[in-house]
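Chemist: mmCIF, C-alpha atoms (C1' of nucleotides), file run.cif:
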```
data_work
#
loop_
_atom_site.label_atom_id
_atom_site.label_comp_id
_atom_site.auth_asym_id
_atom_site.auth_seq_id
_atom_site.Cartn_x
_atom_site.Cartn_y
_atom_site.Cartn_z
CA MET A 1140 140.62 70.00 109.45
CA ASP A 1141 138.00 68.38 107.37
CA THR A 1142 136.57 71.80 106.66
CA PHE A 1143 135.26 70.87 103.27
CA LEU A 1144 131.58 70.85 102.62
CA SER A 1145 129.52 68.98 100.08
CA ILE A 1146 127.26 70.90 97.77
CA ASP A 1147 124.24 69.81 99.77
CA GLU A 1148 125.69 71.07 103.00
CA VAL A 1149 126.48 74.38 101.41
CA ALA A 1150 122.98 74.49 99.99
CA ARG A 1151 121.57 73.89 103.42
CA ARG A 1152 123.71 76.58 104.99
CA THR A 1153 123.20 79.24 102.37
CA GLY A 1154 119.59 78.56 101.52
CA LEU A 1155 120.50 78.21 97.86
CA SER A 1156 119.68 75.02 96.02
CA ALA A 1157 122.44 72.75 94.79
CA HIS A 1158 121.21 73.59 91.30
CA THR A 1159 121.70 77.27 91.96
CA LEU A 1160 125.16 76.74 93.44
CA ARG A 1161 126.26 74.93 90.28
CA TYR A 1162 124.64 77.62 88.20
CA TYR A 1163 126.51 80.36 90.06
CA GLU A 1164 129.74 78.51 89.47
CA ARG A 1165 128.94 78.06 85.80
CA ILE A 1166 128.36 81.75 85.26
CA GLY A 1167 131.47 82.69 87.16
CA LEU A 1168 129.98 84.09 90.33
CA ILE A 1169 131.79 81.45 92.33
CA GLY A 1170 135.31 80.59 91.29
CA PRO A 1171 136.18 77.00 90.46
CA VAL A 1172 135.47 74.99 93.58
CA ALA A 1173 137.92 72.31 94.61
CA ARG A 1174 136.99 68.72 93.77
CA GLY A 1175 137.50 65.52 95.65
CA SER A 1176 139.09 62.52 93.98
CA ASP A 1177 135.64 61.46 92.86
CA GLY A 1178 135.04 64.74 91.06
CA ARG A 1179 132.62 66.11 93.61
CA ARG A 1180 132.75 69.68 94.80
CA ARG A 1181 134.42 70.37 98.13
CA TYR A 1182 133.62 73.86 99.31
CA SER A 1183 136.09 75.62 101.57
CA ALA A 1184 135.13 78.02 104.35
CA ALA A 1185 136.32 80.84 102.10
CA ASP A 1186 133.95 79.67 99.39
CA VAL A 1187 131.08 79.74 101.81
CA ALA A 1188 132.00 83.19 103.05
CA TRP A 1189 132.13 84.47 99.50
CA ILE A 1190 128.73 82.98 98.79
CA GLY A 1191 127.42 84.76 101.84
CA PHE A 1192 128.75 88.01 100.47
CA LEU A 1193 127.14 87.32 97.11
CA LEU A 1194 123.86 86.70 98.85
CA ARG A 1195 124.11 90.04 100.53
CA LEU A 1196 124.70 91.72 97.20
CA ARG A 1197 121.80 89.82 95.74
CA GLY A 1198 119.66 90.85 98.68
CA THR A 1199 120.29 94.43 97.71
CA ARG A 1200 119.30 93.58 94.16
CA MET A 1201 122.69 93.95 92.61
CA PRO A 1202 122.27 92.48 89.11
CA VAL A 1203 124.01 89.21 88.45
CA ALA A 1204 126.03 90.89 85.72
CA SER A 1205 127.52 93.30 88.27
CA MET A 1206 128.25 90.49 90.65
CA GLN A 1207 130.03 88.75 87.82
CA ALA A 1208 132.08 91.87 87.20
CA PHE A 1209 132.93 92.05 90.88
CA ALA A 1210 133.88 88.38 90.95
CA ARG A 1211 136.13 88.85 87.93
CA LEU A 1212 137.92 91.74 89.64
CA ARG A 1213 138.33 89.67 92.76
CA ALA A 1214 139.78 86.82 90.76
CA ALA A 1215 142.13 89.21 89.00
CA GLY A 1216 143.99 89.88 92.22
CA ASP A 1217 144.65 92.41 94.94
CA HIS A 1218 145.46 95.22 92.57
CA THR A 1219 141.77 95.51 91.71
CA ALA A 1220 140.79 96.31 95.29
CA GLY A 1221 140.32 99.98 94.50
CA GLU A 1222 138.01 99.24 91.65
CA ARG A 1223 136.05 96.84 93.76
CA ARG A 1224 135.69 99.42 96.48
CA GLN A 1225 134.36 101.88 93.94
CA MET A 1226 131.82 99.36 92.74
CA LEU A 1227 130.64 98.80 96.26
CA GLU A 1228 130.44 102.50 96.96
CA LYS A 1229 128.36 103.06 93.90
CA HIS A 1230 126.11 100.21 94.78
CA LEU A 1231 125.78 101.39 98.34
CA ALA A 1232 124.58 104.73 97.03
CA THR A 1233 121.84 103.06 95.03
CA VAL A 1234 120.85 100.98 98.04
CA VAL A 1235 120.62 104.08 100.19
CA ALA A 1236 118.51 105.79 97.55
CA GLU A 1237 116.26 102.80 97.34
CA ILE A 1238 115.78 102.73 101.07
CA ALA A 1239 114.67 106.34 100.86
CA THR A 1240 112.10 105.72 98.16
CA LEU A 1241 110.85 102.64 99.96
CA GLN A 1242 110.37 104.68 103.10
CA HIS A 1243 108.52 107.25 101.06
CA SER A 1244 106.30 104.58 99.56
CA ALA A 1245 105.73 102.98 102.94
CA ALA A 1246 104.45 106.29 104.23
CA ALA A 1247 102.14 106.61 101.25
CA LEU A 1248 100.88 103.10 101.84
CA ALA A 1249 100.22 103.88 105.46
CA ASP A 1250 98.23 106.92 104.37
CA LYS A 1251 96.18 104.84 102.01
CA ILE A 1252 95.48 102.35 104.74
CA ALA A 1253 94.40 105.13 107.05
CA HIS A 1254 92.12 106.33 104.30
CA TYR A 1255 90.52 102.91 104.01
CA ARG A 1256 90.13 102.74 107.75
CA ARG A 1257 88.36 106.06 107.76
CA LEU A 1258 86.06 104.86 105.02
CA GLU A 1259 85.17 101.81 107.05
CA ASP A 1260 84.60 103.71 110.26
CA THR A 1261 82.36 106.18 108.49
CA GLY A 1262 79.78 103.47 108.47
CA ALA A 1263 80.23 101.89 105.07
CA ALA A 1264 79.45 98.20 104.73
CA PRO A 1265 80.91 96.29 107.67
CA GLN A 1266 83.80 93.92 106.93
CA PRO A 1267 82.86 90.27 106.86
CA SER A 1268 86.36 88.94 107.36
CA SER A 1269 87.78 91.60 109.62
CA ARG A 1270 87.33 91.97 113.36
CA ARG A 1271 87.88 95.66 113.42
CA LYS A 1272 87.21 96.34 117.06
CA ARG A 1273 87.63 100.11 117.04
CA MET B 859 86.47 119.95 80.58
CA ASP B 860 88.61 118.22 78.07
CA THR B 861 90.24 116.27 80.85
CA PHE B 862 90.86 113.25 78.71
CA LEU B 863 94.36 112.22 77.87
CA SER B 864 95.73 110.22 74.98
CA ILE B 865 97.80 107.16 75.67
CA ASP B 866 100.95 109.05 74.75
CA GLU B 867 100.22 111.84 77.17
CA VAL B 868 99.62 109.34 79.93
CA ALA B 869 102.82 107.56 78.96
CA ARG B 870 104.70 110.81 79.24
CA ARG B 871 103.18 111.65 82.60
CA THR B 872 103.58 108.24 84.16
CA GLY B 873 106.89 107.27 82.65
CA LEU B 874 105.36 104.05 81.35
CA SER B 875 105.47 103.28 77.65
CA ALA B 876 102.26 103.19 75.64
CA HIS B 877 102.98 99.51 75.13
CA THR B 878 103.08 98.96 78.85
CA LEU B 879 99.89 100.93 79.41
CA ARG B 880 98.05 98.70 76.96
CA TYR B 881 99.65 95.68 78.53
CA TYR B 882 98.48 96.73 81.97
CA GLU B 883 94.99 97.17 80.63
CA ARG B 884 95.10 93.78 78.93
CA ILE B 885 96.06 91.99 82.09
CA GLY B 886 93.44 93.80 84.11
CA LEU B 887 95.59 96.14 86.15
CA ILE B 888 93.82 99.09 84.63
CA GLY B 889 90.08 98.79 84.12
CA PRO B 890 88.66 99.30 80.63
CA VAL B 891 89.62 102.81 79.61
CA ALA B 892 87.03 104.96 77.83
CA ARG B 893 87.38 105.22 74.07
CA GLY B 894 86.78 108.11 71.73
CA SER B 895 84.60 107.70 68.66
CA ASP B 896 87.71 106.64 66.78
CA GLY B 897 88.37 103.78 69.18
CA ARG B 898 91.32 105.46 70.84
CA ARG B 899 91.82 105.42 74.56
CA ARG B 900 90.79 108.48 76.50
CA TYR B 901 92.22 108.35 80.00
CA SER B 902 90.40 110.17 82.77
CA ALA B 903 92.08 111.87 85.71
CA ALA B 904 90.90 108.97 87.85
CA ASP B 905 92.63 106.53 85.51
CA VAL B 906 95.84 108.47 85.82
CA ALA B 907 95.57 108.58 89.60
CA TRP B 908 95.03 104.84 89.70
CA ILE B 909 98.06 104.28 87.51
CA GLY B 910 100.05 106.42 89.90
CA PHE B 911 98.94 104.20 92.74
CA LEU B 912 99.90 101.10 90.76
CA LEU B 913 103.31 102.57 90.17
CA ARG B 914 103.76 103.08 93.86
CA LEU B 915 102.86 99.47 94.48
CA ARG B 916 105.21 98.40 91.75
CA GLY B 917 107.90 100.58 93.27
CA THR B 918 107.60 98.54 96.42
CA ARG B 919 107.91 95.39 94.34
CA MET B 920 104.39 94.18 94.78
CA PRO B 921 104.06 91.36 92.23
CA VAL B 922 101.82 92.03 89.27
CA ALA B 923 99.62 89.12 90.36
CA SER B 924 98.88 90.87 93.64
CA MET B 925 98.18 94.13 91.91
CA GLN B 926 95.75 92.24 89.71
CA ALA B 927 94.04 90.85 92.80
CA PHE B 928 93.84 94.33 94.24
CA ALA B 929 92.44 95.71 91.01
CA ARG B 930 89.82 92.98 90.91
CA LEU B 931 88.71 93.83 94.42
CA ARG B 932 88.53 97.49 93.54
CA ALA B 933 86.44 96.73 90.51
CA ALA B 934 84.15 94.56 92.59
CA GLY B 935 82.94 97.54 94.53
CA ASP B 936 83.04 99.32 97.87
CA HIS B 937 82.23 96.27 99.90
CA THR B 938 85.75 94.97 99.25
CA ALA B 939 87.37 97.94 100.95
CA GLY B 940 88.17 95.92 104.05
CA GLU B 941 89.85 93.21 102.08
CA ARG B 942 91.84 95.78 100.16
CA ARG B 943 92.96 97.43 103.35
CA GLN B 944 94.15 94.09 104.62
CA MET B 945 96.12 93.51 101.45
CA LEU B 946 97.78 96.87 101.83
CA GLU B 947 98.55 96.27 105.47
CA LYS B 948 100.14 92.96 104.68
CA HIS B 949 102.14 94.50 101.90
CA LEU B 950 103.20 97.40 104.07
CA ALA B 951 104.55 94.92 106.57
CA THR B 952 106.70 93.28 103.92
CA VAL B 953 107.92 96.68 102.75
CA VAL B 954 108.87 97.63 106.28
CA ALA B 955 110.68 94.33 106.69
CA GLU B 956 112.50 94.88 103.45
CA ILE B 957 113.58 98.34 104.49
CA ALA B 958 115.05 96.80 107.61
CA THR B 959 117.03 94.17 105.75
CA LEU B 960 118.20 96.74 103.22
CA GLN B 961 119.45 98.92 106.04
CA HIS B 962 121.22 95.93 107.49
CA SER B 963 122.80 95.17 104.14
CA ALA B 964 123.74 98.79 103.63
CA ALA B 965 125.59 98.72 106.92
CA ALA B 966 127.38 95.54 105.92
CA LEU B 967 128.31 97.11 102.60
CA ALA B 968 129.67 100.16 104.37
CA ASP B 969 131.78 97.86 106.53
CA LYS B 970 133.13 96.09 103.51
CA ILE B 971 134.00 99.39 101.92
CA ALA B 972 135.77 100.48 105.08
CA HIS B 973 137.66 97.22 104.98
CA TYR B 974 138.80 97.91 101.42
CA ARG B 975 139.78 101.41 102.38
CA ARG B 976 141.88 100.08 105.21
CA LEU B 977 143.54 97.65 102.86
CA GLU B 978 144.45 100.44 100.52
CA ASP B 979 145.75 102.72 103.24
CA THR B 980 147.89 99.97 104.67
CA GLY B 981 150.17 100.49 101.76
CA ALA B 982 149.02 97.80 99.39
CA ALA B 983 149.42 98.45 95.69
CA PRO B 984 148.45 102.04 94.99
CA GLN B 985 145.25 102.57 93.05
CA PRO B 986 145.74 103.54 89.46
CA SER B 987 142.26 104.91 88.97
CA SER B 988 141.63 106.40 92.40
CA ARG B 989 142.94 109.68 93.78
CA ARG B 990 143.01 108.63 97.37
CA LYS B 991 144.60 111.69 98.95
CA ARG B 992 144.72 110.55 102.51
"C1'" DG C 521 92.88 110.39 46.31
"C1'" DC C 522 97.13 109.57 48.70
"C1'" DT C 523 100.39 109.90 52.29
"C1'" DT C 524 101.67 110.35 56.93
"C1'" DG C 525 101.36 109.29 61.42
"C1'" DA C 526 99.27 108.06 65.59
"C1'" DC C 527 96.60 104.72 67.17
"C1'" DT C 528 94.37 99.77 67.42
"C1'" DT C 529 94.64 94.38 68.26
"C1'" DA C 530 96.70 89.84 68.79
"C1'" DG C 531 100.44 87.57 69.59
"C1'" DA C 532 105.42 86.59 69.46
"C1'" DG C 533 109.88 87.52 71.63
"C1'" DC C 534 113.15 88.89 75.18
"C1'" DG C 535 116.17 89.65 79.48
"C1'" DT C 536 116.83 88.06 84.04
"C1'" DG C 537 117.51 84.61 87.26
"C1'" DC C 538 116.94 80.66 88.15
"C1'" DT C 539 115.02 75.51 87.87
"C1'" DC C 540 114.71 71.18 86.17
"C1'" DG C 541 115.46 66.90 83.31
"C1'" DA C 542 118.30 63.41 81.13
"C1'" DA C 543 122.03 60.62 81.07
"C1'" DC C 544 125.78 59.16 83.29
"C1'" DG C 545 129.70 58.18 87.18
"C1'" DC C 546 131.24 56.64 91.51
"C1'" DC C 547 130.86 54.78 96.17
"C1'" DT C 548 128.77 51.99 99.70
"C1'" DA C 549 125.68 48.48 101.60
"C1'" DG C 550 123.69 44.19 101.23
"C1'" DC D 338 127.29 41.66 91.70
"C1'" DT D 339 123.54 44.72 92.19
"C1'" DA D 340 120.92 48.43 93.85
"C1'" DG D 341 120.57 52.86 95.83
"C1'" DG D 342 121.90 57.27 96.45
"C1'" DC D 343 124.26 61.27 95.68
"C1'" DG D 344 126.87 63.61 92.80
"C1'" DT D 345 128.30 65.18 87.82
"C1'" DT D 346 127.54 67.85 83.03
"C1'" DC D 347 124.93 69.91 79.49
"C1'" DG D 348 121.19 71.98 77.95
"C1'" DA D 349 116.33 72.88 77.83
"C1'" DG D 350 112.49 75.16 80.14
"C1'" DC D 351 110.12 78.42 83.11
"C1'" DA D 352 108.12 82.68 85.59
"C1'" DC D 353 108.02 87.36 85.50
"C1'" DG D 354 107.41 91.74 83.48
"C1'" DC D 355 107.56 93.80 79.97
"C1'" DT D 356 108.70 95.03 74.77
"C1'" DC D 357 108.15 94.77 70.17
"C1'" DT D 358 106.27 93.35 65.50
"C1'" DA D 359 102.69 92.83 62.17
"C1'" DA D 360 98.77 94.12 60.13
"C1'" DG D 361 95.19 97.00 60.09
"C1'" DT D 362 92.08 101.52 61.04
"C1'" DC D 363 91.24 106.23 61.13
"C1'" DA D 364 91.83 111.43 60.61
"C1'" DA D 365 94.23 115.24 58.84
"C1'" DG D 366 97.04 117.55 55.42
"C1'" DC D 367 98.60 118.06 50.66
#
```
Any chance you could put this one into structure tokens?
Modeler:
Amino acid sequence: MDTFLSIDEVARRTGLSAHTLRYYERIGLIGPVARGSDGRRRYSAADVAWIGFLLRLRGTRMPVASMQAFARLRAAGDHTAGERRQMLEKHLATVVAEIATLQHSAAALADKIAHYRRLEDTGAAPQPSSRRKR
Amino acid sequence: MDTFLSIDEVARRTGLSAHTLRYYERIGLIGPVARGSDGRRRYSAADVAWIGFLLRLRGTRMPVASMQAFARLRAAGDHTAGERRQMLEKHLATVVAEIATLQHSAAALADKIAHYRRLEDTGAAPQPSSRRKR
DNA sequence: GCTTGACTTAGAGCGTGCTCGAACGCCTAG
DNA sequence: CTAGGCGTTCGAGCACGCTCTAAGTCAAGC
């Protein structure tokens, strides 16, 4: 199984740049990646899966510092699983809260838009760049 | 009606710092605020309402540059209402999309947590810092 | 008059998360 | 042997959104 990927392949698959992948490794988000005899990185499937997980955390705006903490726990071994679970639970709670406030804000935005629409339909200046066919 | 507020009062009410309020004014997010005879800012109720709206936009992660664009349109007069509505609609769409991906991620997080919980219950090392009374 | 304290401006500095540049190494093709 | 291309490290630089400092003004209280 030649299941090892070059940094460019991983970049392509994850959407991160090679620069960013090296950066993540530097700051400890990604554990030391295996190297070929020429010193180049050879990412395993597990590495890629972990990066995918990191991207999910990032997508929920977990700060890099927290991801680092999580990565450290992971590297420390199985006995930190409980701690890791707690981190995730805490983070999940903030994500859920954020979803709620976003939904709230989305509703407010929709109201504002409706307000604008009313303004326009009440015969104010017609929109130049908007085909607003009632 | 002494409906004018000092910068500190506005800071208190909006949760922004006085520094940030001045900064927002400097970069054009908040139009020129009226001044008292002593040169100090005197915020009107309309100013405060506008700041509230800005905060909502910020809460949905609208970039400052976009808020500036919106503020410019607003300052340009009523005839930009259509354009402003379009901006809001576009932004609302991104907010809705983001809510969706956050929900997706939240579900994935919940799965991961469940996974950890399973690990723990399958008799791995007991958690030191977790009273997991099955 | 002097002090205190809240305000003003202009501009420098900072935390976060990348992003890029410079200089070099190694492999392959021609 | 040389050139090209892709990788490496180390460190500087950047975009964003504030945040703070410095130096000064003004009004009120002692």
Chemist: Run the PyMOL selection byres ((chain A and resi 1199) around 7) mentally over the shown coordinates, then write out the matched residues as a ChimeraX atom specification, using the chain letters and numbers from the document.
Modeler: /A:1195-1198,1200-1201,1234 /B:960,963
Chemist: Go ahead and save the residues from that selection, with C-alpha atoms, as a short mmCIF file (atom, residue, chain, number, x, y, z; two decimals), in the frame of the given file.
Modeler:
```cif
data_model
loop_
_atom_site.label_atom_id
_atom_site.label_comp_id
_atom_site.auth_asym_id
_atom_site.auth_seq_id
_atom_site.Cartn_x
_atom_site.Cartn_y
_atom_site.Cartn_z
CA ARG A 1195 124.11 90.04 100.53
CA LEU A 1196 124.70 91.72 97.20
CA ARG A 1197 121.80 89.82 95.74
CA GLY A 1198 119.66 90.85 98.68
CA ARG A 1200 119.30 93.58 94.16
CA MET A 1201 122.69 93.95 92.61
CA VAL A 1234 120.85 100.98 98.04
CA LEU B 960 118.20 96.74 103.22
CA SER B 963 122.80 95.17 104.14
#
```
Chemist: Would you compute the distance between atom CA of Ile885 of chain B and atom C1' of DA360 of chain D? Give it in Å to one decimal.
Modeler: 22.2 Å
Chemist: Please enumerate the residues selected by the PyMOL selection byres ((chain B) within 8 of (chain D)) when evaluated against the supplied file, formatted as a ChimeraX atom specification.
Modeler: /B:877-878,896
Chemist: Show me, as a ChimeraX atom specification, the residues of chain A whose atoms get within 10 Å of chain C, using only C-alpha atoms (C1' of nucleotides) for the distance check.
Modeler: /A:1156,1158-1159,1162-1163,1177-1179,1202-1204
Chemist: Report as CSV: every residue of chain A with an atom at most 7 Å from chain B, its closest pair of atoms, and their distance in Å to one decimal, counting all atoms listed in the file, with rows sorted by chain and ascending residue number.
Modeler:
```
residue,atom,partner,partner_atom,distance
A:Arg1195,CA,B:Ser963,CA,6.4
A:Thr1199,CA,B:Leu960,CA,6.3
A:His1218,CA,B:Ala983,CA,6.0
A:Ala1220,CA,B:Tyr974,CA,6.6
A:Gly1221,CA,B:Gln985,CA,5.8
A:Arg1224,CA,B:Ile971,CA,5.7
A:Leu1227,CA,B:Ile971,CA,6.6
A:Glu1228,CA,B:Ile971,CA,6.9
A:Leu1231,CA,B:Ala964,CA,6.2
A:Val1234,CA,B:Ala964,CA,6.7
A:Ile1238,CA,B:Ile957,CA,6.0
A:Leu1241,CA,B:Thr918,CA,6.3
A:Ser1244,CA,B:Arg914,CA,6.4
A:Ala1245,CA,B:Leu950,CA,6.2
A:Leu1248,CA,B:Leu950,CA,6.5
A:Ile1252,CA,B:Arg943,CA,5.7
A:Tyr1255,CA,B:Arg943,CA,6.0
A:Ala1264,CA,B:His937,CA,5.9
A:Gln1266,CA,B:Gly940,CA,5.6
```
Chemist: Take the PyMOL selection byres ((chain A and resi 1172) around 12), run it mentally on this structure, and tell me the resulting residues as a ChimeraX atom specification.
Modeler: /A:1143-1146,1149,1160-1161,1163-1165,1167-1171,1173-1175,1178-1187,1189-1190
Chemist: Find the smallest box with edges along x, y and z containing every listed atom of segment 344-361 of chain D, then add 5 Å on each side and report centre and edge lengths in Å to one decimal, as lines of an AutoDock Vina configuration file.
Modeler:
```
center_x = 111.7
center_y = 80.3
center_z = 76.4
size_x = 43.1
size_y = 43.4
size_z = 42.7
```
Chemist: By how many Å are atom CA of Asp1250 of chain A and atom CA of Ala927 of chain B apart?
Modeler: 20.2 Å
